[in-house]
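Asks: I am sharing my_file32.csv, which consists of CSV, C-alpha atoms:
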```csv
chain,number,residue,atom,x,y,z
A,12,MET,CA,-135.9,89.8,6.6
A,13,ARG,CA,-133.5,86.9,6.7
A,14,ARG,CA,-129.8,87.6,6.1
A,15,LEU,CA,-129.1,87.9,2.3
A,16,ALA,CA,-126.9,85.0,1.1
A,17,VAL,CA,-124.1,86.4,-1.2
A,18,ILE,CA,-122.7,84.1,-3.8
A,19,LEU,CA,-119.5,85.3,-5.5
A,20,VAL,CA,-119.5,84.4,-9.2
A,21,VAL,CA,-116.0,84.4,-10.8
A,22,LEU,CA,-116.1,85.1,-14.5
A,23,ALA,CA,-114.6,82.1,-16.4
A,24,LEU,CA,-112.6,82.7,-19.6
A,25,SER,CA,-114.9,80.3,-21.4
A,26,GLY,CA,-117.9,82.4,-20.4
A,27,VAL,CA,-116.2,85.5,-21.8
A,28,ALA,CA,-115.5,83.7,-25.1
A,29,ALA,CA,-119.0,82.5,-25.3
A,30,PHE,CA,-120.4,86.0,-24.8
A,31,ALA,CA,-118.2,87.4,-27.6
A,32,GLN,CA,-120.2,85.2,-30.0
A,33,VAL,CA,-123.6,86.2,-28.8
A,34,ARG,CA,-125.6,88.5,-31.1
A,35,PRO,CA,-128.7,90.3,-29.9
A,36,LEU,CA,-131.9,89.2,-31.6
A,37,VAL,CA,-133.0,92.9,-31.5
A,38,ASP,CA,-130.8,96.0,-31.1
A,39,VAL,CA,-132.8,99.2,-31.6
A,40,PRO,CA,-132.5,102.8,-30.5
A,41,LEU,CA,-133.9,103.6,-27.0
A,42,ARG,CA,-135.3,107.1,-26.8
A,43,TYR,CA,-135.1,108.6,-23.3
A,44,VAL,CA,-137.4,111.6,-23.0
A,45,ARG,CA,-138.1,113.2,-19.6
A,46,GLY,CA,-137.5,110.0,-17.7
A,47,ALA,CA,-139.5,107.8,-20.2
A,48,ALA,CA,-137.8,104.9,-22.0
A,49,LEU,CA,-139.4,104.7,-25.5
A,50,ILE,CA,-138.8,102.5,-28.6
A,51,ASP,CA,-140.3,103.0,-32.1
A,52,HIS,CA,-141.3,100.6,-34.9
A,53,VAL,CA,-143.4,98.3,-32.8
A,54,ARG,CA,-145.8,96.2,-34.8
A,55,ILE,CA,-149.2,94.8,-33.7
A,56,ASN,CA,-150.7,91.9,-35.6
A,57,GLY,CA,-148.0,92.5,-38.2
A,58,GLN,CA,-149.3,96.1,-38.8
A,59,GLY,CA,-148.4,99.6,-38.0
A,60,ASP,CA,-145.3,101.5,-36.9
A,61,TYR,CA,-146.0,102.3,-33.3
A,62,THR,CA,-144.1,103.9,-30.4
A,63,PHE,CA,-144.2,102.1,-27.0
A,64,LEU,CA,-143.1,102.9,-23.5
A,65,LEU,CA,-140.8,100.2,-22.0
A,66,ASP,CA,-142.3,99.3,-18.6
A,67,THR,CA,-140.9,96.5,-16.5
A,68,GLY,CA,-143.4,97.4,-13.8
A,69,SER,CA,-146.4,96.8,-16.0
A,70,THR,CA,-147.7,93.2,-15.8
A,71,ALA,CA,-149.7,93.7,-19.0
A,72,CYS,CA,-149.1,95.4,-22.4
A,73,THR,CA,-151.4,98.2,-23.2
A,74,ILE,CA,-152.5,100.0,-26.4
A,75,THR,CA,-154.6,103.2,-26.8
A,76,SER,CA,-158.2,103.0,-27.9
A,77,GLU,CA,-157.2,104.8,-31.1
A,78,VAL,CA,-154.9,101.9,-32.0
A,79,ALA,CA,-157.5,99.3,-31.1
A,80,ASP,CA,-160.0,101.1,-33.5
A,81,GLU,CA,-157.4,101.4,-36.2
A,82,LEU,CA,-156.7,97.7,-36.2
A,83,HIS,CA,-160.3,96.7,-35.7
A,84,LEU,CA,-159.5,94.7,-32.6
A,85,THR,CA,-162.1,92.8,-30.7
A,86,ARG,CA,-162.7,94.0,-27.2
A,87,GLY,CA,-162.7,91.5,-24.3
A,88,LYS,CA,-163.6,91.5,-20.7
A,89,TRP,CA,-163.2,94.4,-18.2
A,90,SER,CA,-160.8,94.1,-15.4
A,91,ASN,CA,-159.6,96.2,-12.4
A,92,VAL,CA,-155.9,97.2,-12.8
A,93,ALA,CA,-153.9,98.6,-9.8
A,94,SER,CA,-151.7,101.5,-10.5
A,95,ILE,CA,-149.7,103.9,-8.3
A,96,GLY,CA,-152.3,105.8,-6.4
A,97,SER,CA,-155.4,104.5,-8.1
A,98,THR,CA,-157.2,101.6,-9.6
A,99,LYS,CA,-158.4,101.7,-13.2
A,100,LYS,CA,-161.0,99.6,-14.9
A,101,LEU,CA,-159.7,98.6,-18.3
A,102,ARG,CA,-160.9,96.4,-21.1
A,103,ALA,CA,-158.8,93.6,-22.7
A,104,ALA,CA,-158.0,93.7,-26.5
A,105,GLN,CA,-157.6,90.5,-28.4
A,106,VAL,CA,-154.1,91.0,-29.9
A,107,LYS,CA,-152.7,88.2,-31.9
A,108,SER,CA,-149.0,89.4,-31.7
A,109,ILE,CA,-146.7,92.2,-30.7
A,110,ALA,CA,-143.3,92.4,-32.4
A,111,VAL,CA,-140.1,94.4,-32.3
A,112,GLU,CA,-138.0,93.4,-35.3
A,113,GLY,CA,-137.3,89.7,-34.9
A,114,ALA,CA,-138.8,89.4,-31.4
A,115,LEU,CA,-142.5,88.4,-31.5
A,116,VAL,CA,-144.9,87.3,-28.8
A,117,ASP,CA,-148.1,85.6,-29.6
A,118,ALA,CA,-151.3,86.6,-27.8
A,119,PRO,CA,-149.7,88.8,-25.1
A,120,LEU,CA,-152.0,90.0,-22.3
A,121,THR,CA,-153.0,93.4,-23.7
A,122,LEU,CA,-155.3,96.1,-22.2
A,123,ILE,CA,-156.8,99.2,-23.7
A,124,SER,CA,-155.7,102.4,-21.9
A,125,ASP,CA,-156.2,105.9,-23.1
A,126,ASP,CA,-153.2,108.2,-23.6
A,127,ASN,CA,-153.9,110.3,-20.5
A,128,GLY,CA,-151.2,112.9,-21.2
A,129,LEU,CA,-148.2,110.6,-21.8
A,130,SER,CA,-147.8,111.7,-25.4
A,131,ALA,CA,-147.9,115.4,-24.4
A,132,HIS,CA,-145.3,114.6,-21.7
A,133,VAL,CA,-142.8,113.2,-24.1
A,134,GLY,CA,-143.6,115.5,-27.0
A,135,GLY,CA,-144.8,112.8,-29.5
A,136,ALA,CA,-147.3,110.1,-29.9
A,137,VAL,CA,-147.1,107.1,-27.6
A,138,HIS,CA,-149.3,104.2,-28.7
A,139,GLY,CA,-148.9,101.8,-25.9
A,140,VAL,CA,-146.8,100.0,-23.3
A,141,LEU,CA,-144.5,97.0,-23.6
A,142,GLY,CA,-144.9,95.3,-20.3
A,143,THR,CA,-143.7,92.0,-18.8
A,144,PRO,CA,-145.8,89.7,-21.1
A,145,PHE,CA,-143.5,90.8,-23.9
A,146,LEU,CA,-140.3,91.7,-22.0
A,147,TRP,CA,-139.9,88.6,-19.9
A,148,LYS,CA,-139.9,86.2,-22.9
A,149,TRP,CA,-136.2,86.7,-23.4
A,150,PRO,CA,-133.3,88.3,-21.6
A,151,VAL,CA,-133.6,92.0,-22.3
A,152,GLN,CA,-131.2,94.8,-22.0
A,153,LEU,CA,-132.0,98.5,-21.5
A,154,ASP,CA,-128.7,100.2,-22.2
A,155,PHE,CA,-129.4,103.7,-20.9
A,156,PRO,CA,-125.9,105.2,-21.5
A,157,ALA,CA,-125.8,104.0,-25.1
A,158,ARG,CA,-129.5,104.6,-25.6
A,159,ARG,CA,-130.1,101.0,-27.0
A,160,PHE,CA,-132.8,98.4,-26.3
A,161,ARG,CA,-131.7,94.8,-26.9
A,162,VAL,CA,-133.4,91.4,-26.9
A,163,LEU,CA,-130.9,88.6,-26.3
A,164,PRO,CA,-131.1,84.9,-27.1
A,165,ARG,CA,-132.8,82.7,-24.5
A,166,ASP,CA,-129.7,80.8,-23.7
A,167,PHE,CA,-127.8,84.0,-22.9
A,168,ASP,CA,-126.5,84.1,-19.2
A,169,VAL,CA,-125.9,87.5,-17.7
A,170,ARG,CA,-123.3,85.9,-15.4
A,171,THR,CA,-121.0,85.2,-18.3
A,172,GLU,CA,-120.9,88.7,-19.7
A,173,PRO,CA,-117.4,90.2,-19.4
A,174,VAL,CA,-116.8,93.1,-17.0
A,175,GLU,CA,-116.1,96.1,-19.2
A,176,SER,CA,-117.4,98.8,-17.0
A,177,PRO,CA,-115.7,99.9,-13.8
A,178,TRP,CA,-118.7,98.8,-11.8
A,179,SER,CA,-120.8,95.7,-12.5
A,180,SER,CA,-123.0,93.5,-10.4
A,181,VAL,CA,-125.6,90.8,-10.7
A,182,ALA,CA,-128.6,90.5,-8.3
A,183,GLY,CA,-131.2,87.8,-7.9
A,184,PHE,CA,-134.8,88.9,-7.8
A,185,THR,CA,-138.2,87.4,-7.0
A,186,LEU,CA,-141.2,87.5,-9.3
A,187,ARG,CA,-144.6,88.6,-7.9
A,188,SER,CA,-147.5,88.9,-10.4
A,189,ARG,CA,-144.8,89.0,-13.2
A,190,ALA,CA,-143.0,92.0,-11.6
A,191,ALA,CA,-139.4,91.8,-10.5
A,192,TYR,CA,-138.5,92.7,-6.9
A,193,ILE,CA,-134.9,93.3,-5.9
A,194,PRO,CA,-133.3,94.3,-2.5
A,195,VAL,CA,-132.5,98.1,-2.3
A,196,ALA,CA,-131.0,100.0,0.6
A,197,LEU,CA,-131.9,103.7,1.0
A,198,ASN,CA,-129.5,106.1,2.8
A,199,GLY,CA,-127.5,103.3,4.3
A,200,GLY,CA,-130.5,101.5,5.8
A,201,GLN,CA,-131.4,97.8,5.6
A,202,PRO,CA,-132.3,96.5,2.1
A,203,HIS,CA,-136.0,95.9,1.3
A,204,ALA,CA,-137.7,94.6,-1.8
A,205,MET,CA,-138.5,97.2,-4.5
A,206,MET,CA,-140.1,96.7,-7.9
A,207,LEU,CA,-137.7,97.1,-10.9
A,208,ASP,CA,-139.8,99.7,-12.8
A,209,THR,CA,-138.6,101.3,-16.0
A,210,GLY,CA,-142.1,102.9,-16.2
A,211,ALA,CA,-141.4,105.1,-13.2
A,212,THR,CA,-139.4,108.3,-13.7
A,213,GLY,CA,-138.0,108.2,-10.2
A,214,ILE,CA,-138.1,106.1,-7.0
A,215,VAL,CA,-141.6,105.6,-5.6
A,216,ILE,CA,-141.7,105.2,-1.8
A,217,THR,CA,-144.2,105.6,1.0
A,218,ASP,CA,-144.1,108.5,3.4
A,219,SER,CA,-143.2,106.1,6.2
A,220,ARG,CA,-140.3,104.7,4.2
A,221,ALA,CA,-139.0,108.3,3.5
A,222,LYS,CA,-139.1,109.1,7.2
A,223,GLU,CA,-137.4,105.8,8.1
A,224,ALA,CA,-134.7,106.5,5.6
A,225,LYS,CA,-134.4,110.1,6.8
A,226,ALA,CA,-134.8,111.4,3.3
A,227,ARG,CA,-134.5,115.1,2.7
A,228,THR,CA,-137.6,117.0,1.6
A,229,ALA,CA,-137.2,118.6,-1.9
A,230,ARG,CA,-138.7,122.0,-2.4
A,231,VAL,CA,-140.3,121.1,-5.7
A,232,THR,CA,-143.8,119.9,-6.8
A,233,SER,CA,-144.2,117.5,-9.7
A,234,THR,CA,-146.8,115.6,-11.7
A,235,SER,CA,-145.5,112.3,-13.2
A,236,VAL,CA,-147.2,110.9,-16.2
A,237,GLY,CA,-147.6,107.2,-16.8
A,238,PRO,CA,-149.6,104.9,-19.0
A,239,PHE,CA,-152.6,105.4,-16.7
A,240,GLY,CA,-152.4,109.1,-16.6
A,241,PRO,CA,-151.0,112.0,-14.5
A,242,ARG,CA,-150.3,111.4,-10.9
A,243,ARG,CA,-149.8,114.2,-8.3
A,244,GLN,CA,-147.2,113.8,-5.6
A,245,SER,CA,-147.8,114.6,-2.0
A,246,ALA,CA,-144.1,114.7,-1.2
A,247,TYR,CA,-140.9,114.9,-3.2
A,248,TRP,CA,-137.6,113.6,-1.7
A,249,ILE,CA,-133.9,113.6,-2.1
A,250,LEU,CA,-132.1,110.3,-1.2
A,251,ASP,CA,-128.4,110.9,-0.5
A,252,SER,CA,-127.6,107.3,-1.5
A,253,VAL,CA,-129.4,104.3,-3.1
A,254,ARG,CA,-127.6,101.0,-3.0
A,255,VAL,CA,-128.6,98.2,-5.3
A,256,ALA,CA,-126.7,94.9,-5.8
A,257,GLY,CA,-123.6,96.4,-4.1
A,258,LEU,CA,-123.5,99.6,-6.3
A,259,THR,CA,-124.4,103.1,-5.0
A,260,VAL,CA,-126.1,106.0,-6.7
A,261,ASP,CA,-126.0,109.5,-5.2
A,262,ASN,CA,-128.7,112.1,-5.0
A,263,ALA,CA,-131.7,110.2,-6.3
A,264,GLN,CA,-135.1,111.7,-6.6
A,265,ALA,CA,-138.1,110.0,-5.0
A,266,PHE,CA,-141.8,110.8,-4.7
A,267,THR,CA,-144.8,109.6,-2.7
A,268,PRO,CA,-148.1,109.5,-4.6
A,269,GLU,CA,-150.9,111.7,-3.2
A,270,SER,CA,-153.3,108.9,-2.7
A,271,VAL,CA,-151.9,105.3,-2.6
A,272,GLY,CA,-155.3,103.5,-2.3
A,273,ASP,CA,-154.5,99.8,-2.3
A,274,TRP,CA,-151.0,100.3,-3.6
A,275,ARG,CA,-148.3,98.7,-1.4
A,276,SER,CA,-145.3,98.3,-3.8
A,277,GLU,CA,-142.4,100.6,-3.9
A,278,GLN,CA,-140.5,101.1,-7.2
A,279,LEU,CA,-136.9,101.6,-8.3
A,280,GLY,CA,-137.4,103.9,-11.3
A,281,ASN,CA,-135.3,105.5,-14.0
A,282,ASP,CA,-133.7,108.2,-11.9
A,283,VAL,CA,-131.4,105.4,-10.6
A,284,LEU,CA,-131.6,103.0,-13.5
A,285,GLU,CA,-130.6,105.5,-16.1
A,286,GLN,CA,-127.0,105.3,-14.9
A,287,PHE,CA,-126.7,101.6,-15.8
A,288,ARG,CA,-126.9,99.1,-18.6
A,289,VAL,CA,-129.6,97.0,-17.1
A,290,THR,CA,-129.9,93.4,-18.3
A,291,VAL,CA,-132.9,91.3,-17.0
A,292,ASP,CA,-133.2,87.6,-17.3
A,293,ALA,CA,-136.6,86.6,-15.9
A,294,ALA,CA,-136.1,82.9,-16.6
A,295,ARG,CA,-133.1,82.8,-14.3
A,296,ARG,CA,-134.4,85.5,-11.9
A,297,LEU,CA,-131.3,87.6,-12.4
A,298,VAL,CA,-130.7,91.3,-13.2
A,299,ARG,CA,-127.3,92.7,-14.1
A,300,PHE,CA,-126.2,96.3,-13.6
A,301,ASP,CA,-123.2,97.8,-15.4
A,302,ARG,CA,-122.1,101.4,-14.9
A,303,ASP,CA,-119.3,103.4,-16.3
A,304,GLN,CA,-117.3,105.7,-14.1
A,305,MET,CA,-119.4,108.8,-13.5
A,306,ALA,CA,-117.8,112.3,-14.1
A,307,GLU,CA,-117.7,114.5,-11.0
A,308,TRP,CA,-119.7,117.7,-11.8
A,309,TRP,CA,-119.9,119.4,-8.4
A,310,PRO,CA,-118.7,123.0,-8.3
A,311,GLU,CA,-116.9,124.2,-5.2
A,312,GLY,CA,-119.3,125.7,-2.7
A,313,ALA,CA,-122.4,124.5,-4.5
A,314,LYS,CA,-124.9,123.5,-1.8
A,315,ALA,CA,-128.2,123.8,-3.8
A,316,SER,CA,-130.3,121.1,-5.4
A,317,PRO,CA,-128.3,118.2,-7.0
A,318,TRP,CA,-130.3,118.9,-10.2
A,319,GLY,CA,-131.1,121.9,-12.3
A,320,VAL,CA,-130.4,123.7,-15.6
A,321,GLY,CA,-126.9,124.5,-14.4
A,322,LEU,CA,-127.0,128.2,-13.4
A,323,VAL,CA,-125.7,129.5,-10.1
A,324,THR,CA,-126.8,133.1,-9.7
A,325,ARG,CA,-126.0,136.2,-7.5
A,326,ARG,CA,-128.0,139.3,-6.9
A,327,ASP,CA,-126.4,142.7,-7.4
A,328,PRO,CA,-127.9,146.3,-7.5
A,329,ASN,CA,-128.5,145.9,-11.3
A,330,GLY,CA,-130.3,142.6,-11.2
A,331,ILE,CA,-129.6,138.9,-11.2
A,332,ARG,CA,-126.2,137.8,-12.6
A,333,VAL,CA,-124.9,134.4,-13.6
A,334,ALA,CA,-122.1,133.7,-11.0
A,335,LYS,CA,-121.0,130.3,-12.4
A,336,LEU,CA,-122.2,127.5,-14.6
A,337,TRP,CA,-122.3,123.8,-13.8
A,338,PRO,CA,-120.0,121.9,-16.2
A,339,ASP,CA,-121.9,119.8,-18.7
A,340,SER,CA,-125.1,121.6,-18.0
A,341,ASP,CA,-127.6,122.7,-20.6
A,342,ALA,CA,-126.9,126.3,-19.7
A,343,ALA,CA,-123.2,125.8,-20.4
A,344,ALA,CA,-124.0,124.0,-23.7
A,345,LYS,CA,-126.3,126.9,-24.8
A,346,GLY,CA,-123.5,129.4,-24.4
A,347,ILE,CA,-124.6,131.3,-21.3
A,348,GLN,CA,-121.6,133.0,-19.7
A,349,PRO,CA,-120.7,134.1,-16.2
A,350,GLY,CA,-121.6,137.8,-15.8
A,351,ASP,CA,-124.7,137.5,-18.1
A,352,GLU,CA,-127.8,139.0,-16.7
A,353,LEU,CA,-130.7,136.6,-16.0
A,354,VAL,CA,-133.7,138.7,-17.2
A,355,ALA,CA,-136.6,136.2,-16.9
A,356,VAL,CA,-137.4,132.6,-15.8
A,357,ASP,CA,-140.5,130.8,-17.0
A,358,GLY,CA,-142.2,134.2,-17.7
A,359,ASN,CA,-141.2,135.7,-14.3
A,360,GLU,CA,-139.0,138.8,-14.1
A,361,ALA,CA,-135.9,137.3,-12.4
A,362,ALA,CA,-135.1,140.4,-10.3
A,363,SER,CA,-138.6,140.4,-8.7
A,364,VAL,CA,-138.4,136.7,-7.6
A,365,GLN,CA,-137.1,136.0,-4.1
A,366,ASP,CA,-133.8,134.1,-4.0
A,367,GLY,CA,-135.3,130.9,-2.7
A,368,SER,CA,-138.1,130.8,-5.2
A,369,LEU,CA,-135.6,131.6,-8.0
A,370,ASN,CA,-133.5,128.7,-7.0
A,371,ASP,CA,-136.5,126.4,-7.1
A,372,LEU,CA,-137.4,127.6,-10.7
A,373,LEU,CA,-133.8,126.8,-11.8
A,374,SER,CA,-133.7,123.5,-10.1
A,375,GLN,CA,-136.5,121.5,-11.5
A,376,PRO,CA,-136.2,117.6,-11.5
A,377,PRO,CA,-134.2,116.0,-14.3
A,378,GLY,CA,-135.7,116.2,-17.8
A,379,TYR,CA,-138.0,119.2,-17.1
A,380,PRO,CA,-137.8,122.3,-19.3
A,381,VAL,CA,-137.1,125.8,-18.0
A,382,ALA,CA,-137.5,128.9,-20.2
A,383,VAL,CA,-135.0,131.7,-19.5
A,384,THR,CA,-134.1,135.1,-21.0
A,385,VAL,CA,-130.5,136.2,-20.6
A,386,ARG,CA,-128.8,139.5,-21.6
A,387,ALA,CA,-125.1,139.4,-22.5
A,388,ALA,CA,-122.5,142.2,-21.7
A,389,ASP,CA,-123.1,143.7,-25.2
A,390,GLY,CA,-126.9,144.1,-24.4
A,391,ALA,CA,-128.0,141.3,-26.7
A,392,GLU,CA,-130.9,139.2,-25.3
A,393,ARG,CA,-131.6,135.6,-26.0
A,394,LYS,CA,-134.6,133.4,-25.1
A,395,LEU,CA,-133.5,129.8,-24.4
A,396,ASP,CA,-135.3,126.6,-23.4
A,397,LEU,CA,-133.0,124.8,-21.0
A,398,VAL,CA,-133.5,121.2,-19.7
A,399,SER,CA,-132.7,120.3,-16.2
A,400,ARG,CA,-130.4,117.4,-15.4
A,401,ARG,CA,-128.9,115.6,-12.4
A,402,TYR,CA,-125.4,116.2,-11.2
A,403,VAL,CA,-123.6,113.2,-9.5
A,404,ARG,CA,-120.6,112.8,-7.4
A,405,LYS,CA,-118.2,110.1,-8.4
A,406,ARG,CA,-118.0,107.4,-5.7
A,407,PRO,CA,-114.5,106.0,-5.4
A,408,SER,CA,-115.8,103.3,-3.1
A,409,SER,CA,-113.6,100.2,-2.5
A,410,THR,CA,-116.8,98.1,-2.3
A,411,ASP,CA,-118.0,99.4,-5.7
A,412,ASP,CA,-114.5,98.9,-7.2
A,413,ALA,CA,-114.4,95.2,-6.0
A,414,ILE,CA,-117.6,94.4,-7.9
A,415,ALA,CA,-115.7,94.9,-11.2
A,416,ARG,CA,-113.5,91.9,-10.3
A,417,SER,CA,-116.1,89.5,-9.2
A,418,LEU,CA,-119.9,89.7,-9.6
A,419,SER,CA,-122.1,89.4,-6.6
A,420,VAL,CA,-125.3,87.4,-6.9
A,421,ILE,CA,-127.6,88.4,-4.1
A,422,GLN,CA,-130.5,86.0,-3.4
A,423,PRO,CA,-133.3,88.1,-1.8
A,424,ASP,CA,-136.1,86.9,0.4
A,425,SER,CA,-139.6,86.9,-1.0
A,426,PRO,CA,-141.1,90.4,-0.5
A,427,LYS,CA,-143.7,90.5,2.2
```
Translate the structure of the given file into structure tokens.

Replies:
Amino acid sequence: MRRLAVILVVLALSGVAAFAQVRPLVDVPLRYVRGAALIDHVRINGQGDYTFLLDTGSTACTITSEVADELHLTRGKWSNVASIGSTKKLRAAQVKSIAVEGALVDAPLTLISDDNGLSAHVGGAVHGVLGTPFLWKWPVQLDFPARRFRVLPRDFDVRTEPVESPWSSVAGFTLRSRAAYIPVALNGGQPHAMMLDTGATGIVITDSRAKEAKARTARVTSTSVGPFGPRRQSAYWILDSVRVAGLTVDNAQAFTPESVGDWRSEQLGNDVLEQFRVTVDAARRLVRFDRDQMAEWWPEGAKASPWGVGLVTRRDPNGIRVAKLWPDSDAAAKGIQPGDELVAVDGNEAASVQDGSLNDLLSQPPGYPVAVTVRAADGAERKLDLVSRRYVRKRPSSTDDAIARSLSVIQPDSPK
């Protein structure tokens, strides 16, 4: 890959003033459930009140066959669609328009794809996918920290947005088959092009890339669920650092699909993107990342998985005890106390589970539920459903701090 050309863009006061007057065309809640970015109240052909997955990695919009029947849509031709690990044969639907409040797209490319477990994964009906035929019509913003989805005016320029977060950066990207590819460096290696994919719960890499980056093997197994159905992973990885556009994220989860078939792309998914306000301007080939300073939740002596429900346990003659709680964890929020006895985990008697396996049960990937039974000092038992989360180290990097004063626009080579 040729050396990346870095162009420093200094924010002008006129640009800041201009941004202050910009109002989003659409500003709606973004529901973030188990790694899936969802919005409600989507209308198809002016009808319905549907829930859609926001997927910058999907080069078509999709709807379920139930929605197509409900709206009496005409079916079109069949086509082969490549997905991670498989190829699906889907039929086109003749959709006149898809709209989210004031943002409407006429005749977007739309395919019919069955639910395939996505609704069960997020605990509610998902009727389709908003892909790039909709998203790339305007500058769009997925504000993960604020849980908002915004559509911005076409003349909005991400380079003129004022720096309000400690870390901000703008990167150039290339478009290939409507998908955006940006340079990403894994574990301090050389940047390579990865697809910006809000439809992926984590980073998607090949086995060879994981070995090249010296990624750590995670002792978990997982099945991701996307618009084309469940996908098993042959390997699960922990990446100590992921660097995109001059900003670094620690302890990111990655996976390798069990069967890649004709798949060649690698994806930068929500396990990294969820830390940012991500603004994508497809017309200018620019994407902006803004991140607030991350809190440092890293208990002294903790060497286990960087994610989990927040329980650190110890074994004594009377069973399994809670030794400490990770701050801001779901376990802490549900009132579990140090010294409480851990009676059961996901239906398994805690005392009968080996220590390594018990740690695995308590350290599921972010967003996954874990059922526990705990007994307090007074003998009272509680059954709780805890949700795993990721714990991050704050990076007081001088490079990251400098990005807040001047935005770096990185012009990547075209992906091979």

Asks: Go through A:Ala182, A:Leu64, A:Ala355, A:Ala221 one by one, measure the shortest atom-to-atom distance of each to Leu146 (chain A) using all atoms listed in the file, and give the residue with the smallest value.

Replies: A:Leu64

Asks: Distance CA of Val195 (chain A)-CA of Val320 (chain A), one decimal place?

Replies: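 Interatomic distance here is 28.9 Å.
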
Asks: Give me, as an MDAnalysis selection string, all polymer residues having an atom no more than 12 Å from Ala294 (chain A), counting all atoms listed in the file and skipping those fewer than 2 positions away in the same chain.

Replies: chainID A and resid 146:151 164:169 183:186 189 191 291:292 296:298

Asks: To one decimal place in Å, what is the distance between CA of Gly213 (chain A) and CA of Arg45 (chain A)?

Replies: 10.6 Å

Asks: Do you have the CA of Asp366 (chain A)-CA of Val354 (chain A) distance handy?

Replies: 14.0 Å

Asks: Considering all atoms listed in the file, return as a list in words whatever protein or nucleic-acid residues lie within 10 Å of Gly113 (chain A), sequence-local ones (same chain, fewer than 5 positions apart) excluded.

Replies: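 Non-adjacent residues within range: Pro35, Leu36, Val37, Asp38 and Val162 of chain A.
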
Asks: Identify which of the residues A:Thr324, A:Gln152, A:Ser90, A:Asn370 lies closest to Leu336 (chain A), counting only C-alpha atoms when measuring atom-to-atom distances.

Replies: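 The shortest atom-to-atom distance to Leu336 (chain A) comes from A:Thr324.
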
Asks: Quick one: residues within 12 Å of Lys222 (chain A), only C-alpha atoms counted, chain neighbours fewer than 5 positions away excluded, as a list in words?

Replies: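 Near Lys222 (chain A), the qualifying residues are Leu197, Asn198, Gly200, Ile216, Thr217, Arg227, Thr228, Ala246, Trp248, Ile249, Leu250 and Thr267 of chain A.
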